[in-house]
Amino acid sequence: MARVAVFIDGFNVYHALDGNPAWGKFKWLDYAALARCYIGGRDTLVGVYLFTSLATWNNEKVKRHMTYLRALRTRGVEVIMGKFKRKDRICRATCKQAFQTFEEKLTDVNIAVRLFKGAYLDEYDRAILITGDTDIVPAVRAVRELFVGKQIGVVVPIGRRSEELKRECDFHFRIREEHLRRCQLPDVVDGGPFGELRRPDSWK
């Protein structure tokens, strides 16, 4: 029997789903249910942590995202927020014009800090990362080196590859379409003080 904590890179999963028309309908994903797909029957799920940020320049996206986060909180998912930062870029085409875009900040750091904190406080025996981002590799190495006996695994989002991250972990899985289909929130979730939380029409 092991205590298992699950750490989810929200945008890493979102972009994997959003990038394929066949998987976009699975965005209303119940991460608490998904986490249980990768733990043993005798293990205890001690925490599900979602790391994400709000696209504050787009009110409709923020509205959908907040509805989703509130729905996830009813399932016991703890949400840790990062932020987006404006970044200047130069067009690679012949125009070479400068333009602004947005870059998500803090997610990798937040995951690393929470992973390390959980190991230090002995909150888990086994940690599972749901991401394909190799930026988390140094944190994985540090935890495995300093906390002997703690295991770290990775679940790679559907349609993605992350061989380097898999090599650094004790075990690995892949999100499959059957997991996504089985782990959807109800179309309408009772949000308590927030009322009914409905799956966005564009996510159906």
# chains A, B, ... in the order shown; residues from 1 in each chain; ligands from 1
>>> select_by_dssp(residues="segment 90-175 of chain A", states="helix (DSSP H, G or I)", output="ChimeraX atom specification")
/A:107-120,134-146,163-168
>>> write_last_selection(atoms="C-alpha atoms", output="mmCIF file, in the first residue's frame")
data_model
loop_
_atom_site.group_PDB
_atom_site.id
_atom_site.type_symbol
_atom_site.label_atom_id
_atom_site.label_comp_id
_atom_site.auth_asym_id
_atom_site.auth_seq_id
_atom_site.Cartn_x
_atom_site.Cartn_y
_atom_site.Cartn_z
ATOM 1 C CA THR A 107 3.860 26.414 -13.632
ATOM 2 C CA ASP A 108 7.122 24.443 -13.805
ATOM 3 C CA VAL A 109 8.418 26.146 -10.669
ATOM 4 C CA ASN A 110 5.149 25.596 -8.819
ATOM 5 C CA ILE A 111 5.138 21.899 -9.699
ATOM 6 C CA ALA A 112 8.779 21.520 -8.650
ATOM 7 C CA VAL A 113 8.223 23.301 -5.329
ATOM 8 C CA ARG A 114 5.083 21.313 -4.489
ATOM 9 C CA LEU A 115 6.743 18.037 -5.482
ATOM 10 C CA PHE A 116 9.757 18.795 -3.278
ATOM 11 C CA LYS A 117 7.606 20.066 -0.389
ATOM 12 C CA GLY A 118 5.504 16.911 -0.429
ATOM 13 C CA ALA A 119 8.611 14.740 -0.307
ATOM 14 C CA TYR A 120 10.167 16.810 2.498
ATOM 15 C CA THR A 134 10.956 17.997 -19.702
ATOM 16 C CA ASP A 135 11.546 21.251 -17.782
ATOM 17 C CA ILE A 136 10.515 19.317 -14.662
ATOM 18 C CA VAL A 137 13.425 16.842 -15.038
ATOM 19 C CA PRO A 138 15.808 18.650 -12.601
ATOM 20 C CA ALA A 139 13.158 18.550 -9.861
ATOM 21 C CA VAL A 140 12.571 14.845 -10.476
ATOM 22 C CA ARG A 141 16.292 14.156 -10.212
ATOM 23 C CA ALA A 142 16.589 16.149 -6.984
ATOM 24 C CA VAL A 143 13.690 14.417 -5.248
ATOM 25 C CA ARG A 144 14.871 10.954 -6.254
ATOM 26 C CA GLU A 145 18.416 11.750 -5.091
ATOM 27 C CA LEU A 146 17.533 13.342 -1.747
ATOM 28 C CA GLU A 163 11.387 10.000 -23.654
ATOM 29 C CA GLU A 164 13.783 12.032 -21.494
ATOM 30 C CA LEU A 165 11.224 12.456 -18.724
ATOM 31 C CA LYS A 166 10.297 8.768 -18.875
ATOM 32 C CA ARG A 167 13.969 7.809 -18.474
ATOM 33 C CA GLU A 168 14.249 9.909 -15.305
#
>>> residues_around(residues="His179 of chain A", least_positions_apart="6", cutoff="10 Å", atoms="only C-alpha atoms", output="list of chain:residue names")
A:Phe26, A:Leu29, A:Ala33, A:Leu34, A:Ala35, A:Cys37, A:Tyr38, A:Ile158
>>> closest_residue(among="A:Val79, A:Val48, A:Ile130, A:Val4", to="Arg160 of chain A", atoms="only C-alpha atoms")
A:Ile130
>>> select_by_dssp(residues="segment 169-199 of chain A", states="strand (DSSP E or B)", output="list in words")
Phe171, His172, Phe173, Arg174, Gln184, Val188, Val189, Asp190, Glu196, Leu197 and Arg198 of chain A
>>> residues_around(residues="Val155 of chain A", least_positions_apart="6", cutoff="6 Å", atoms="only C-alpha atoms", output="PyMOL selection string")
chain A and resi 130+172-174
>>> residues_around(residues="segment 6-18 of chain A", least_positions_apart="2", cutoff="6 Å", atoms="only C-alpha atoms", output="MDAnalysis selection string")
chainID A and resid 20 23:24 48:52 127:131 157
>>> write_last_selection(atoms="C-alpha atoms", output="tab-separated table (two decimals), in the first residue's frame")
chain	number	residue	atom	x	y	z
A	20	ASN	CA	-6.59	17.19	-32.16
A	23	TRP	CA	-9.90	14.72	-28.49
A	24	GLY	CA	-11.24	18.25	-27.98
A	48	VAL	CA	-4.50	15.77	-6.77
A	49	TYR	CA	-2.84	19.08	-7.67
A	50	LEU	CA	-3.61	20.98	-10.87
A	51	PHE	CA	-1.22	23.71	-12.02
A	52	THR	CA	-2.65	26.22	-14.48
A	127	ALA	CA	4.33	10.92	-6.90
A	128	ILE	CA	2.80	10.87	-10.37
A	129	LEU	CA	3.38	13.72	-12.81
A	130	ILE	CA	0.87	14.18	-15.62
A	131	THR	CA	2.90	16.13	-18.17
A	157	PRO	CA	-0.56	13.21	-22.35
>>> closest_residue(among="A:Trp28, A:Arg176, A:Ala71, A:Val62", to="Asp190 of chain A", atoms="only C-alpha atoms")
A:Ala71
>>> closest_residue(among="A:Arg36, A:Arg161, A:Arg126, A:Arg75", to="Val148 of chain A", atoms="only C-alpha atoms")
A:Arg126
>>> atom_distance(atom1="atom CA of Lys63 of chain A", atom2="atom CA of Pro200 of chain A")
9.6 Å
>>> atom_distance(atom1="atom CA of Asp133 of chain A", atom2="atom CA of Ala55 of chain A")
19.8 Å
>>> atom_distance(atom1="atom CA of Arg181 of chain A", atom2="atom CA of Gly47 of chain A")
22.2 Å
>>> residues_around(residues="Asp170 of chain A", least_positions_apart="5", cutoff="9 Å", atoms="only C-alpha atoms", output="list in words")
Gln151, Ile152, Gly153 and Val154 of chain A
>>> write_last_selection(atoms="N, CA and C atoms", output="PDB file, in the first residue's frame")
ATOM      1  N   GLN A 151       9.140   7.237  -4.894  1.00  0.00           N
ATOM      2  CA  GLN A 151       9.079   6.912  -6.320  1.00  0.00           C
ATOM      3  C   GLN A 151       8.364   8.028  -7.073  1.00  0.00           C
ATOM      4  N   ILE A 152       8.838   8.300  -8.274  1.00  0.00           N
ATOM      5  CA  ILE A 152       8.195   9.292  -9.134  1.00  0.00           C
ATOM      6  C   ILE A 152       7.913   8.658 -10.491  1.00  0.00           C
ATOM      7  N   GLY A 153       6.677   8.788 -10.930  1.00  0.00           N
ATOM      8  CA  GLY A 153       6.284   8.291 -12.240  1.00  0.00           C
ATOM      9  C   GLY A 153       5.722   9.417 -13.084  1.00  0.00           C
ATOM     10  N   VAL A 154       5.573   9.162 -14.363  1.00  0.00           N
ATOM     11  CA  VAL A 154       5.016  10.164 -15.266  1.00  0.00           C
ATOM     12  C   VAL A 154       3.906   9.532 -16.111  1.00  0.00           C
TER      13      VAL A 154
END
